[in-house]
file my_file.csv (CSV, C-alpha atoms)
chain,number,residue,atom,x,y,z
B,6,MET,CA,11.0,-56.3,-49.7
B,7,ALA,CA,10.4,-59.1,-47.1
B,8,ALA,CA,13.8,-60.4,-46.6
B,9,LEU,CA,14.7,-62.2,-43.4
B,10,LEU,CA,17.7,-60.8,-41.7
B,11,VAL,CA,18.8,-62.7,-38.7
B,12,PHE,CA,21.8,-61.6,-36.7
B,13,PRO,CA,22.6,-61.2,-33.1
B,14,SER,CA,22.0,-57.8,-31.5
B,15,PRO,CA,24.1,-57.5,-28.4
B,16,LEU,CA,23.1,-54.1,-27.0
B,17,PRO,CA,19.5,-52.9,-26.3
B,18,PRO,CA,19.9,-49.4,-27.9
B,19,LEU,CA,21.2,-51.0,-31.0
B,20,ARG,CA,18.3,-53.4,-30.9
B,21,ALA,CA,15.8,-50.5,-30.7
B,22,LEU,CA,17.6,-48.7,-33.5
B,23,LEU,CA,17.5,-51.7,-35.7
B,24,ARG,CA,13.8,-52.2,-34.9
B,25,ARG,CA,13.1,-48.6,-36.0
B,26,CYS,CA,15.1,-49.0,-39.2
B,27,TRP,CA,13.3,-52.2,-40.0
B,28,GLY,CA,10.0,-50.4,-39.5
B,29,ARG,CA,11.0,-47.7,-41.9
B,30,LEU,CA,12.2,-50.2,-44.4
B,31,GLU,CA,8.8,-52.0,-44.2
B,32,ARG,CA,7.1,-48.8,-44.9
B,33,GLY,CA,9.2,-48.2,-48.0
B,34,LEU,CA,11.6,-45.6,-46.6
B,35,LEU,CA,15.4,-45.9,-46.1
B,36,PRO,CA,17.2,-44.4,-43.1
B,37,ARG,CA,18.9,-41.1,-43.8
B,38,TRP,CA,22.3,-41.6,-42.3
B,39,ASP,CA,23.5,-38.4,-43.9
B,40,LEU,CA,21.1,-36.2,-41.9
B,41,PRO,CA,21.9,-35.3,-38.2
B,42,ARG,CA,20.0,-37.1,-35.5
B,43,TRP,CA,18.3,-34.0,-34.1
B,44,ASP,CA,16.7,-33.3,-37.5
B,45,LEU,CA,14.3,-36.1,-37.0
B,46,SER,CA,11.5,-34.4,-39.0
B,47,ARG,CA,13.3,-35.2,-42.2
B,48,TRP,CA,14.2,-38.8,-41.4
B,49,ASP,CA,10.8,-40.1,-42.5
B,50,LEU,CA,10.8,-38.4,-45.8
B,51,PRO,CA,11.0,-40.7,-48.9
B,52,TRP,CA,14.5,-41.0,-50.1
B,53,GLY,CA,15.1,-39.1,-53.2
B,54,PRO,CA,15.9,-35.7,-54.5
B,55,ALA,CA,14.1,-33.1,-52.6
B,56,LEU,CA,12.1,-30.8,-55.0
B,57,ALA,CA,11.6,-27.2,-54.2
B,58,VAL,CA,8.3,-26.2,-55.7
B,59,GLN,CA,7.0,-22.6,-55.8
B,60,ALA,CA,3.5,-22.9,-54.5
B,61,PRO,CA,1.2,-20.1,-53.4
B,62,VAL,CA,1.8,-19.6,-49.7
B,63,ALA,CA,-1.5,-17.9,-48.8
B,64,LEU,CA,-4.2,-20.5,-48.4
B,65,PRO,CA,-7.8,-19.4,-48.3
B,66,GLU,CA,-8.3,-19.9,-44.6
B,67,ALA,CA,-5.0,-18.2,-43.6
B,68,ALA,CA,-6.0,-15.1,-45.7
B,69,GLU,CA,-9.3,-15.0,-43.9
B,70,GLY,CA,-7.5,-15.1,-40.6
B,71,ALA,CA,-5.2,-12.3,-41.4
B,72,GLY,CA,-8.1,-10.2,-42.7
B,73,GLU,CA,-10.0,-10.5,-39.5
B,74,GLY,CA,-7.3,-9.1,-37.3
B,75,GLY,CA,-9.2,-8.6,-34.1
B,76,GLU,CA,-9.9,-11.3,-31.6
B,77,GLU,CA,-13.5,-12.4,-31.3
B,78,PRO,CA,-14.6,-14.9,-28.6
B,79,GLY,CA,-16.1,-17.2,-31.2
B,80,SER,CA,-13.4,-17.5,-33.9
B,81,TRP,CA,-10.3,-19.7,-33.4
B,82,GLU,CA,-7.9,-18.4,-36.1
B,83,GLY,CA,-6.3,-15.8,-33.7
B,84,VAL,CA,-5.6,-18.2,-30.9
B,85,LEU,CA,-2.3,-19.5,-32.2
B,86,TRP,CA,-0.5,-16.2,-32.4
B,87,MET,CA,-2.0,-14.3,-29.3
B,88,ALA,CA,0.5,-13.7,-26.5
B,89,ALA,CA,-0.5,-15.7,-23.4
B,90,PRO,CA,1.3,-16.4,-20.2
B,91,LYS,CA,2.9,-19.8,-20.3
B,92,LYS,CA,3.3,-20.4,-16.6
B,93,ARG,CA,1.9,-18.9,-13.4
B,94,ARG,CA,4.0,-16.2,-12.0
B,95,THR,CA,5.2,-17.4,-8.6
B,96,ILE,CA,4.7,-15.2,-5.6
B,97,GLU,CA,8.5,-14.8,-5.3
B,98,VAL,CA,8.7,-13.4,-8.9
B,99,ASN,CA,5.7,-11.2,-8.1
B,100,ARG,CA,7.4,-9.9,-5.0
B,101,CYS,CA,10.6,-9.1,-6.8
B,102,ARG,CA,8.6,-7.0,-9.3
B,103,ARG,CA,6.4,-5.2,-6.8
B,104,ARG,CA,9.1,-4.4,-4.3
B,105,ASP,CA,11.7,-3.2,-6.8
B,106,PRO,CA,13.1,0.2,-5.6
B,107,ARG,CA,11.7,2.0,-8.7
B,108,LYS,CA,8.2,1.0,-7.6
B,109,LEU,CA,8.5,2.1,-4.0
B,110,ILE,CA,7.3,5.6,-3.1
B,111,LYS,CA,10.3,8.0,-3.1
B,112,VAL,CA,11.0,10.1,0.0
B,113,LYS,CA,10.3,13.8,-0.7
B,114,ARG,CA,13.1,16.1,0.1
B,115,ASN,CA,11.4,19.4,-0.8
B,116,ILE,CA,9.3,19.9,2.4
B,117,ASP,CA,9.8,23.1,4.3
B,118,VAL,CA,8.2,25.0,7.2
B,119,CYS,CA,6.1,28.1,6.3
B,120,PRO,CA,7.7,31.1,8.0
B,121,GLU,CA,4.3,32.8,8.5
B,122,CYS,CA,2.3,30.1,10.2
B,123,GLY,CA,4.7,27.3,11.0
B,124,HIS,CA,2.8,24.6,9.0
B,125,LEU,CA,4.5,22.4,6.5
B,126,LYS,CA,4.7,23.3,2.9
B,127,LEU,CA,6.3,22.2,-0.3
B,128,LYS,CA,9.1,24.5,-1.6
B,129,HIS,CA,7.4,25.4,-4.9
B,130,VAL,CA,3.8,25.5,-3.6
B,131,LEU,CA,2.0,28.1,-1.5
B,132,CYS,CA,1.4,27.2,2.2
B,133,GLY,CA,-2.1,25.5,2.5
B,134,TYR,CA,-3.0,27.1,5.8
B,135,CYS,CA,-2.2,30.6,4.7
B,136,TYR,CA,-4.0,30.1,1.4
B,137,ALA,CA,-7.1,28.8,3.3
B,138,LYS,CA,-7.0,32.0,5.4
B,139,VAL,CA,-6.8,34.2,2.4
B,140,LYS,CA,-9.6,32.3,0.7
B,141,ALA,CA,-11.9,32.7,3.7
B,142,GLU,CA,-11.3,36.4,3.8
B,143,THR,CA,-11.8,36.8,0.1
B,144,ARG,CA,-15.2,35.0,0.4
B,145,GLU,CA,-16.3,37.5,3.0
B,146,ILE,CA,-15.3,40.4,0.9
B,147,ARG,CA,-17.2,38.9,-2.1
B,148,ARG,CA,-20.3,38.5,0.1
B,149,GLU,CA,-20.1,42.2,1.0
B,150,ILE,CA,-19.8,43.1,-2.7
B,151,GLN,CA,-22.8,41.0,-3.5
B,152,LYS,CA,-24.8,42.7,-0.7
B,153,GLN,CA,-23.8,46.1,-2.1
B,154,GLU,CA,-24.6,45.2,-5.7
B,155,GLY,CA,-27.8,43.4,-5.0
B,156,GLY,CA,-27.8,41.2,-8.1
B,157,PRO,CA,-25.8,39.9,-11.1
B,158,PHE,CA,-24.4,42.2,-13.9
B,159,LYS,CA,-24.3,45.3,-11.6
B,160,ALA,CA,-20.6,45.7,-11.2
B,161,PRO,CA,-19.6,49.4,-11.4
B,162,THR,CA,-16.9,50.5,-13.8
B,163,VAL,CA,-14.7,51.9,-11.1
B,164,GLU,CA,-12.0,50.3,-8.9
B,165,THR,CA,-12.9,48.8,-5.5
B,166,VAL,CA,-11.2,49.5,-2.2
B,167,VAL,CA,-11.6,47.4,0.9
B,168,LEU,CA,-11.5,49.3,4.2
B,169,TYR,CA,-11.4,47.6,7.6
B,170,ASP,CA,-12.3,48.9,11.1
B,171,GLY,CA,-11.3,52.5,11.8
B,172,GLU,CA,-9.9,53.3,8.3
B,173,GLN,CA,-10.9,56.3,6.3
B,174,PRO,CA,-10.7,56.5,2.5
B,175,SER,CA,-7.6,58.6,1.5
B,176,GLU,CA,-7.6,61.2,-1.4
B,177,LYS,CA,-6.3,58.6,-3.8
B,178,ASP,CA,-9.5,56.6,-3.3
B,179,GLU,CA,-11.7,59.4,-4.8
B,180,GLY,CA,-14.4,57.9,-7.1
B,181,LYS,CA,-13.6,54.3,-6.1
B,182,ARG,CA,-16.2,51.9,-4.8
B,183,ILE,CA,-15.6,51.3,-1.1
B,184,ILE,CA,-16.3,47.9,0.6
B,185,GLU,CA,-16.5,48.0,4.5
B,186,ARG,CA,-15.4,44.9,6.5
B,187,ALA,CA,-16.2,44.9,10.2
B,188,ARG,CA,-13.0,43.5,11.5
B,189,LYS,CA,-9.3,44.4,12.1
B,190,ARG,CA,-7.1,44.5,9.0
B,191,PRO,CA,-5.3,41.2,8.6
B,192,SER,CA,-1.5,41.4,8.7
B,193,TRP,CA,-1.1,39.9,5.3
B,194,PHE,CA,-3.4,42.4,3.6
B,195,ALA,CA,-1.3,45.5,3.1
B,196,GLN,CA,-2.9,49.0,2.8
B,197,ASN,CA,-1.4,51.1,0.1
A,16,SER,CA,-27.3,1.6,60.8
A,17,PHE,CA,-24.4,1.2,58.5
A,18,LEU,CA,-26.2,2.8,55.6
A,19,SER,CA,-26.6,6.1,57.4
A,20,SER,CA,-23.2,6.1,59.0
A,21,PRO,CA,-20.6,8.7,57.8
A,22,HIS,CA,-18.2,5.9,56.8
A,23,PHE,CA,-20.5,4.7,54.0
A,24,SER,CA,-21.0,6.5,50.6
A,25,LEU,CA,-23.3,5.1,48.0
A,26,ALA,CA,-21.1,6.3,45.2
A,27,GLY,CA,-18.1,4.6,46.7
A,28,TRP,CA,-20.0,1.4,47.2
A,29,ALA,CA,-21.3,1.5,43.6
A,30,ARG,CA,-17.8,2.2,42.3
A,31,GLY,CA,-16.4,-0.7,44.3
A,32,LEU,CA,-19.1,-2.9,42.9
A,33,LEU,CA,-18.3,-2.0,39.4
A,34,GLY,CA,-14.6,-1.9,40.0
A,35,TRP,CA,-14.1,-5.0,37.8
A,36,ALA,CA,-15.5,-3.3,34.8
A,37,ARG,CA,-13.6,-0.5,32.9
A,38,PRO,CA,-15.8,2.6,33.1
A,39,GLU,CA,-14.9,4.0,29.7
A,40,ARG,CA,-16.1,0.8,28.1
A,41,LEU,CA,-19.5,0.9,29.9
A,42,LEU,CA,-20.1,4.5,29.1
A,43,THR,CA,-19.5,4.1,25.4
A,44,SER,CA,-21.8,1.1,24.8
A,45,GLY,CA,-25.2,0.8,26.3
A,46,ARG,CA,-26.8,2.3,29.4
A,47,VAL,CA,-25.6,1.3,32.8
A,48,PHE,CA,-27.8,1.5,35.8
A,49,PRO,CA,-25.7,2.4,38.8
A,50,LEU,CA,-26.7,-0.6,40.8
A,51,SER,CA,-26.8,-3.3,38.1
A,52,CYS,CA,-23.7,-4.9,36.7
A,53,ILE,CA,-25.2,-5.8,33.3
A,54,HIS,CA,-25.1,-3.5,30.3
A,55,THR,CA,-27.9,-3.7,27.8
A,56,SER,CA,-26.0,-3.3,24.5
A,57,ALA,CA,-24.3,-5.9,22.3
A,58,PRO,CA,-20.8,-6.9,23.4
A,59,LEU,CA,-17.9,-4.9,22.0
A,60,GLU,CA,-16.0,-6.2,19.0
A,61,LYS,CA,-13.5,-9.0,19.7
A,62,LEU,CA,-10.2,-7.4,20.5
A,63,GLY,CA,-7.5,-8.3,18.0
A,64,LYS,CA,-4.0,-9.4,18.9
A,65,TRP,CA,-2.5,-6.0,18.1
A,66,GLU,CA,-4.9,-4.1,20.4
A,67,LYS,CA,-4.1,-6.5,23.2
A,68,LYS,CA,-0.3,-5.7,22.9
A,69,ASN,CA,-0.9,-2.4,24.7
A,70,ARG,CA,-2.1,-4.2,27.8
A,71,ILE,CA,1.2,-6.0,28.7
A,72,VAL,CA,2.7,-4.7,31.9
A,73,TYR,CA,6.3,-5.3,32.6
A,74,PRO,CA,7.6,-5.8,36.1
A,75,PRO,CA,9.3,-2.7,37.6
A,76,GLN,CA,12.9,-2.3,36.4
A,77,LEU,CA,15.9,-2.8,38.7
A,78,PRO,CA,18.0,0.3,39.5
A,79,GLY,CA,20.9,-0.7,37.3
A,80,GLU,CA,19.0,-1.7,34.2
A,81,PRO,CA,18.9,0.6,31.1
A,82,ARG,CA,15.6,2.4,30.7
A,83,ARG,CA,13.1,0.3,28.6
A,84,PRO,CA,11.7,2.6,25.9
A,85,ALA,CA,7.9,3.0,25.8
A,86,GLU,CA,6.1,1.0,23.1
A,87,ILE,CA,2.8,2.0,21.7
A,88,TYR,CA,0.7,-0.3,19.5
A,89,HIS,CA,-2.1,1.2,17.4
A,90,CYS,CA,-4.1,0.0,14.5
A,91,ARG,CA,-7.2,0.8,12.4
A,92,ARG,CA,-9.4,-2.0,11.0
A,93,GLU,CA,-11.4,-2.3,7.8
A,94,ILE,CA,-10.0,0.7,5.9
A,95,LYS,CA,-11.5,0.9,2.4
A,96,TYR,CA,-8.2,0.6,0.5
A,97,SER,CA,-6.1,-2.1,-1.0
A,98,LYS,CA,-3.6,-3.8,1.2
A,99,ASP,CA,-1.0,-3.9,-1.6
A,100,LYS,CA,-1.3,-0.2,-2.2
A,101,MET,CA,-1.3,0.5,1.5
A,102,TRP,CA,1.9,-1.5,1.9
A,103,TYR,CA,3.9,1.0,-0.2
A,104,LEU,CA,3.0,3.7,2.3
A,105,ALA,CA,3.8,1.5,5.3
A,106,LYS,CA,7.1,0.7,3.7
A,107,LEU,CA,7.8,4.4,3.2
A,108,ILE,CA,7.4,5.4,6.8
A,109,LYS,CA,9.1,2.4,8.3
A,110,GLY,CA,12.0,3.5,10.5
A,111,MET,CA,11.3,7.2,10.3
A,112,SER,CA,10.8,9.6,13.1
A,113,ILE,CA,7.1,10.5,13.6
A,114,ASP,CA,7.5,14.1,12.4
A,115,GLN,CA,9.2,13.0,9.2
A,116,ALA,CA,6.5,10.4,8.6
A,117,LEU,CA,3.7,12.9,9.1
A,118,ALA,CA,5.5,15.3,6.7
A,119,GLN,CA,5.8,12.7,4.0
A,120,LEU,CA,2.2,11.5,4.4
A,121,GLU,CA,0.9,15.0,4.3
A,122,PHE,CA,2.2,15.6,0.8
A,123,SER,CA,1.6,12.1,-0.6
A,124,ASP,CA,-1.2,12.0,-3.1
A,125,LYS,CA,-2.5,8.5,-2.1
A,126,LYS,CA,-5.8,7.9,-0.4
A,127,GLY,CA,-4.2,5.7,2.3
A,128,ALA,CA,-1.8,8.5,3.3
A,129,LYS,CA,-4.7,10.5,4.9
A,130,VAL,CA,-5.8,7.4,6.9
A,131,ILE,CA,-2.3,6.6,8.1
A,132,LYS,CA,-1.7,10.2,9.1
A,133,GLU,CA,-4.9,10.1,11.3
A,134,VAL,CA,-3.7,6.8,12.8
A,135,LEU,CA,-0.3,8.2,13.6
A,136,LEU,CA,-1.7,11.3,15.2
A,137,GLU,CA,-4.1,9.2,17.4
A,138,ALA,CA,-1.2,7.0,18.4
A,139,GLN,CA,0.9,10.0,19.3
A,140,GLU,CA,-1.9,11.4,21.4
A,141,MET,CA,-2.3,8.0,23.1
A,142,ALA,CA,1.4,7.9,23.8
A,143,VAL,CA,1.5,11.2,25.6
A,144,ARG,CA,-1.7,10.7,27.6
A,145,LYS,CA,-1.5,7.1,28.6
A,146,HIS,CA,1.9,5.6,28.0
A,147,ASN,CA,4.0,8.1,29.9
A,148,VAL,CA,5.9,9.5,26.9
A,149,GLU,CA,7.4,12.9,27.7
A,150,PHE,CA,8.0,14.5,24.3
A,151,LYS,CA,5.6,13.7,21.5
A,152,SER,CA,8.3,14.2,18.9
A,153,ASN,CA,10.6,11.7,20.5
A,154,LEU,CA,8.9,8.8,18.9
A,155,HIS,CA,9.9,6.7,15.9
A,156,ILE,CA,8.1,4.1,13.9
A,157,ALA,CA,9.5,0.7,14.7
A,158,GLU,CA,7.0,-1.4,12.8
A,159,SER,CA,4.3,-0.5,10.3
A,160,LEU,CA,2.3,-3.3,8.7
A,161,THR,CA,-0.8,-3.9,6.6
A,162,GLY,CA,-3.2,-6.8,6.7
A,163,ARG,CA,-6.1,-8.0,4.6
A,164,GLY,CA,-9.6,-7.0,5.7
A,165,GLN,CA,-12.9,-8.5,4.7
A,166,TYR,CA,-13.6,-8.5,1.0
A,167,VAL,CA,-17.1,-7.9,-0.5
A,168,LYS,CA,-18.0,-9.2,-4.0
A,169,GLN,CA,-20.1,-7.1,-6.4
A,170,ILE,CA,-21.3,-7.4,-10.0
A,171,ARG,CA,-19.8,-5.1,-12.5
A,172,TYR,CA,-22.0,-4.9,-15.7
A,173,HIS,CA,-20.3,-5.0,-19.1
A,174,GLY,CA,-21.8,-4.8,-22.5
A,175,LYS,CA,-23.6,-7.6,-24.3
A,176,GLY,CA,-25.0,-9.0,-21.1
A,177,MET,CA,-21.6,-9.9,-19.8
A,178,PHE,CA,-20.7,-9.3,-16.2
A,179,GLY,CA,-17.6,-9.4,-14.1
A,180,ILE,CA,-17.3,-10.0,-10.4
A,181,MET,CA,-15.7,-7.0,-8.6
A,182,ARG,CA,-14.0,-7.3,-5.3
A,183,LEU,CA,-14.2,-4.4,-2.8
A,184,SER,CA,-11.0,-4.9,-0.8
A,185,ARG,CA,-10.4,-3.6,2.6
A,186,CYS,CA,-7.3,-3.6,4.7
A,187,HIS,CA,-6.0,-3.1,8.3
A,188,TYR,CA,-3.1,-0.9,9.2
A,189,PHE,CA,-0.9,-1.6,12.2
A,190,VAL,CA,1.8,0.7,13.7
A,191,LYS,CA,4.2,0.4,16.6
A,192,LEU,CA,5.7,3.6,17.9
A,193,VAL,CA,8.8,3.4,20.2
A,194,GLU,CA,10.1,6.2,22.3
A,195,GLY,CA,13.5,7.6,21.3
A,196,PRO,CA,15.3,8.8,18.1
A,197,PRO,CA,15.0,6.6,15.0
A,198,PRO,CA,17.8,4.0,14.7
A,199,PRO,CA,20.5,4.8,12.1
A,200,PRO,CA,20.0,3.2,8.8
A,201,GLU,CA,22.0,0.1,8.0
A,202,PRO,CA,24.9,0.7,5.6
A,203,PRO,CA,24.3,-1.1,2.3
A,204,LYS,CA,26.1,-4.4,2.0
A,205,THR,CA,29.3,-4.1,0.0
A,206,GLY,CA,30.6,-6.7,-2.4
A,207,PHE,CA,33.5,-7.3,-0.1
A,208,ASP,CA,31.1,-8.2,2.8
A,209,GLN,CA,29.2,-10.6,0.5
A,210,ALA,CA,32.4,-12.2,-0.6
A,211,LYS,CA,33.6,-12.6,3.0
A,212,GLU,CA,30.3,-14.2,3.9
A,213,TYR,CA,30.5,-16.6,1.0
A,214,VAL,CA,34.0,-17.7,2.0
A,215,GLN,CA,32.9,-18.2,5.6
A,216,GLU,CA,30.0,-20.4,4.4
A,217,LEU,CA,32.4,-22.5,2.5
A,218,ARG,CA,34.6,-22.8,5.5
A,219,ASN,CA,31.7,-23.8,7.8
A,220,ARG,CA,30.9,-26.9,5.7
A,221,THR,CA,31.6,-30.2,7.5
A,222,ILE,CA,32.9,-33.1,5.6
A,223,THR,CA,30.7,-36.1,6.4
A,224,HIS,CA,32.1,-39.5,7.2
A,225,SER,CA,35.5,-38.2,7.8
A,226,LEU,CA,37.9,-38.7,10.6

call {"tool": "encode", "arguments": {"input": "my_file.csv", "output": "C-alpha cells"}}
result
Amino acid sequence: MAALLVFPSPLPPLRALLRRCWGRLERGLLPRWDLPRWDLSRWDLPWGPALAVQAPVALPEAAEGAGEGGEEPGSWEGVLWMAAPKKRRTIEVNRCRRRDPRKLIKVKRNIDVCPECGHLKLKHVLCGYCYAKVKAETREIRREIQKQEGGPFKAPTVETVVLYDGEQPSEKDEGKRIIERARKRPSWFAQN
Amino acid sequence: SFLSSPHFSLAGWARGLLGWARPERLLTSGRVFPLSCIHTSAPLEKLGKWEKKNRIVYPPQLPGEPRRPAEIYHCRREIKYSKDKMWYLAKLIKGMSIDQALAQLEFSDKKGAKVIKEVLLEAQEMAVRKHNVEFKSNLHIAESLTGRGQYVKQIRYHGKGMFGIMRLSRCHYFVKLVEGPPPPPEPPKTGFDQAKEYVQELRNRTITHSL
C-alpha cells in the first residue's frame, strides 16, 4: 500500500517512531501495539494468529553435537555451552580471594617442649630428636647382629638380649642370643 | 732508617694501607697480596637496598631519650619457591616473637618454611654478634616480606607434539627483627567503631560555595 500520509510531526522521538512504523508497513507488517515494548523480538512477526506447531526438536547437527560430548580442538559444536570466564579477574578481586582468612596458614596451638631433651615437639607426635637418637642406636645394634650372623636368613630361633659395657647376662637370659655393644647403656634403654 | 726503627711494623703499615677495604670481604673473594690493594676476583654482587639498611648509623642518643630498639635487617635472594606461596608463610610469622615463629615454621609442611627458619636463625645470630642485642629471645619480627626473583622459562612436553612453556619462579625473602617483646595485637574493629568513623566522615564534609 503506497499511500501518502502527510502530517506534522512535532517531536523527534515521535518522528523516529513513525519512521519505524512506516518502514514496517512498507514491508507488509503492522505494528503490534498490544505487545510490550521490551518484547521487540515479536514486533516484527507478521500480524496474524500465531500457530503452535509440534515439530521435531532434535535437528541432525544438534544430535551430532550432543553425541560427541567431549571437547576437541577442531570441532566447534561444544563452544557455545562451555563455561568460560567473561571478564578478567582484577587484582583486587584476586587479592580478596587469596588473602581470605580460610586460605591463610593457621597458627598451630599444639606445640610443646619435650621433657627429655628440651626440643620442640607436637603433642601427639614423638619428639624428633629423641627418635633420631633411638634410630641411631638401633642401627648400631643391627650392625652388630649382622656381624654375628654373617649373612641373610641366619637369624636364630631364640630371643636376643643387648648388653652394654660391664653388664653380665643374668640367669633369665639363659639360652638367649647375646649382642655386645661397646658403650655405656643409654638412659632411655632400660635393662629388665 | 725508618724501616728498621722499633716504631715501624710492616703489619701495621699494611693494615693502614688496606684500612679502607673491609677485610672479611677481601678474604672471601679472590686472593689479596699484602702489599697490593687490588683483588683479583670478580666484584661482589651488587648490594640490594635491604642489605644496605643494616649499615645506617644513628647519632648517639641524648641522656633523656628513650632507648632506641635495635633493628636487624636480613634477607635471602633467589630462593627456588613461588613468591605467592612464600607470602603465606611471611604473613604467618608477621608480628610474632622469634621463638614462636621458629616453632611454627618447624612444624609447617611447606618447603619455604625450612628456608625462612634458616634465615631467622642467621638473623638472630647476626643480632647477637654484631648488633648489640643482649638476649636472643628478646626479638620480634617487625616486617617480613617476599619479593619476586628472576624467572626462567622451560619447555614442558605434552602429548601429540604439543608443548607448554613452564616458568621456574624464584623469590626473595626479607625480614626485619626488632629488639623487644612483640607488640600486642590490635583489637578487631567493632561495628560501633565503624559507625562512629562513618558519622565522623559525614561531619567532616565541607559544603562548597557556602557562606

call {"tool": "atom_distance", "arguments": {"input": "my_file.csv", "atom1": "CA of Leu183 (chain A)", "atom2": "CA of Ile110 (chain B)"}}
result
23.7 Å

call {"tool": "closest_atom_pairs", "arguments": {"input": "my_file.csv", "of": "chain A", "to": "chain B", "cutoff": "12 Å", "atoms": "all atoms listed in the file", "output": "JSON lines"}}
result
{"residue": "A:Asp99", "atom": "CA", "partner": "B:Arg103", "partner_atom": "CA", "distance": 9.1}
{"residue": "A:Lys100", "atom": "CA", "partner": "B:Leu109", "partner_atom": "CA", "distance": 10.2}
{"residue": "A:Met101", "atom": "CA", "partner": "B:Ile110", "partner_atom": "CA", "distance": 11.0}
{"residue": "A:Trp102", "atom": "CA", "partner": "B:Leu109", "partner_atom": "CA", "distance": 9.6}
{"residue": "A:Tyr103", "atom": "CA", "partner": "B:Leu109", "partner_atom": "CA", "distance": 6.1}
{"residue": "A:Leu104", "atom": "CA", "partner": "B:Ile110", "partner_atom": "CA", "distance": 7.2}
{"residue": "A:Ala105", "atom": "CA", "partner": "B:Ile110", "partner_atom": "CA", "distance": 10.0}
{"residue": "A:Lys106", "atom": "CA", "partner": "B:Leu109", "partner_atom": "CA", "distance": 8.0}
{"residue": "A:Leu107", "atom": "CA", "partner": "B:Ile110", "partner_atom": "CA", "distance": 6.4}
{"residue": "A:Ile108", "atom": "CA", "partner": "B:Val112", "partner_atom": "CA", "distance": 9.0}
{"residue": "A:Lys109", "atom": "CA", "partner": "B:Val112", "partner_atom": "CA", "distance": 11.5}
{"residue": "A:Met111", "atom": "CA", "partner": "B:Val112", "partner_atom": "CA", "distance": 10.7}
{"residue": "A:Asp114", "atom": "CA", "partner": "B:Leu125", "partner_atom": "CA", "distance": 10.6}
{"residue": "A:Gln115", "atom": "CA", "partner": "B:Ile116", "partner_atom": "CA", "distance": 9.7}
{"residue": "A:Ala116", "atom": "CA", "partner": "B:Val112", "partner_atom": "CA", "distance": 9.7}
{"residue": "A:Leu117", "atom": "CA", "partner": "B:Leu125", "partner_atom": "CA", "distance": 9.9}
{"residue": "A:Ala118", "atom": "CA", "partner": "B:Leu125", "partner_atom": "CA", "distance": 7.2}
{"residue": "A:Gln119", "atom": "CA", "partner": "B:Lys113", "partner_atom": "CA", "distance": 6.6}
{"residue": "A:Leu120", "atom": "CA", "partner": "B:Lys113", "partner_atom": "CA", "distance": 9.8}
{"residue": "A:Glu121", "atom": "CA", "partner": "B:Leu125", "partner_atom": "CA", "distance": 8.5}
{"residue": "A:Phe122", "atom": "CA", "partner": "B:Leu127", "partner_atom": "CA", "distance": 7.8}
{"residue": "A:Ser123", "atom": "CA", "partner": "B:Lys113", "partner_atom": "CA", "distance": 8.9}
{"residue": "A:Asp124", "atom": "CA", "partner": "B:Ile110", "partner_atom": "CA", "distance": 10.6}
{"residue": "A:Lys125", "atom": "CA", "partner": "B:Ile110", "partner_atom": "CA", "distance": 10.3}
{"residue": "A:Ala128", "atom": "CA", "partner": "B:Ile110", "partner_atom": "CA", "distance": 11.5}

call {"tool": "residues_around", "arguments": {"input": "my_file.csv", "residues": "Gln196 (chain B)", "least_positions_apart": "2", "cutoff": "12 Å", "atoms": "all atoms listed in the file", "output": "list in words"}}
result
Val166, Val167, Leu168, Tyr169, Glu172, Gln173, Pro174, Ser175, Asp178, Arg190, Pro191, Ser192, Trp193 and Phe194 of chain B

call {"tool": "atom_distance", "arguments": {"input": "my_file.csv", "atom1": "CA of Val72 (chain A)", "atom2": "CA of Ile131 (chain A)"}}
result
26.8 Å

call {"tool": "atom_distance", "arguments": {"input": "my_file.csv", "atom1": "CA of Cys90 (chain A)", "atom2": "CA of His187 (chain A)"}}
result
7.2 Å

call {"tool": "closest_residue", "arguments": {"input": "my_file.csv", "among": "A:Ser97, A:Arg144, A:Lys67, A:His155", "to": "Pro199 (chain A)", "atoms": "all atoms listed in the file"}}
result
A:His155

call {"tool": "closest_residue", "arguments": {"input": "my_file.csv", "among": "B:Cys119, B:Leu23, B:Gly180, B:Glu31", "to": "Tyr134 (chain B)", "atoms": "only C-alpha atoms"}}
result
B:Cys119

call {"tool": "closest_residue", "arguments": {"input": "my_file.csv", "among": "A:Leu62, A:Ile180, A:Val193, A:Ile87", "to": "Leu154 (chain A)", "atoms": "only C-alpha atoms"}}
result
A:Val193

call {"tool": "closest_residue", "arguments": {"input": "my_file.csv", "among": "A:Gly206, A:Gly63, A:Gly174, A:Pro78", "to": "Phe189 (chain A)", "atoms": "all atoms listed in the file"}}
result
A:Gly63

call {"tool": "closest_residue", "arguments": {"input": "my_file.csv", "among": "B:Arg107, B:Lys140, B:Arg20, B:Arg182", "to": "Val163 (chain B)", "atoms": "only C-alpha atoms"}}
result
B:Arg182

call {"tool": "decode", "arguments": {"input": "my_file.csv", "residues": "region 19-23 of chain B", "atoms": "N, CA, C and O atoms", "output": "short mmCIF file (atom, residue, chain, number, x, y, z; two decimals), in the first residue's frame"}}
result
data_model
loop_
_atom_site.label_atom_id
_atom_site.label_comp_id
_atom_site.auth_asym_id
_atom_site.auth_seq_id
_atom_site.Cartn_x
_atom_site.Cartn_y
_atom_site.Cartn_z
N LEU B 19 8.88 10.98 18.35
CA LEU B 19 7.66 10.59 17.66
C LEU B 19 7.96 10.41 16.18
O LEU B 19 7.48 9.46 15.55
N ARG B 20 8.83 11.31 15.64
CA ARG B 20 9.19 11.21 14.24
C ARG B 20 9.92 9.89 13.96
O ARG B 20 9.62 9.22 12.98
N ALA B 21 10.84 9.51 14.89
CA ALA B 21 11.59 8.26 14.70
C ALA B 21 10.66 7.06 14.75
O ALA B 21 10.75 6.12 13.96
N LEU B 22 9.70 7.12 15.69
CA LEU B 22 8.76 6.01 15.84
C LEU B 22 7.91 5.88 14.58
O LEU B 22 7.70 4.78 14.06
N LEU B 23 7.45 6.99 14.08
CA LEU B 23 6.60 6.95 12.90
C LEU B 23 7.38 6.43 11.69
O LEU B 23 6.87 5.69 10.86
#
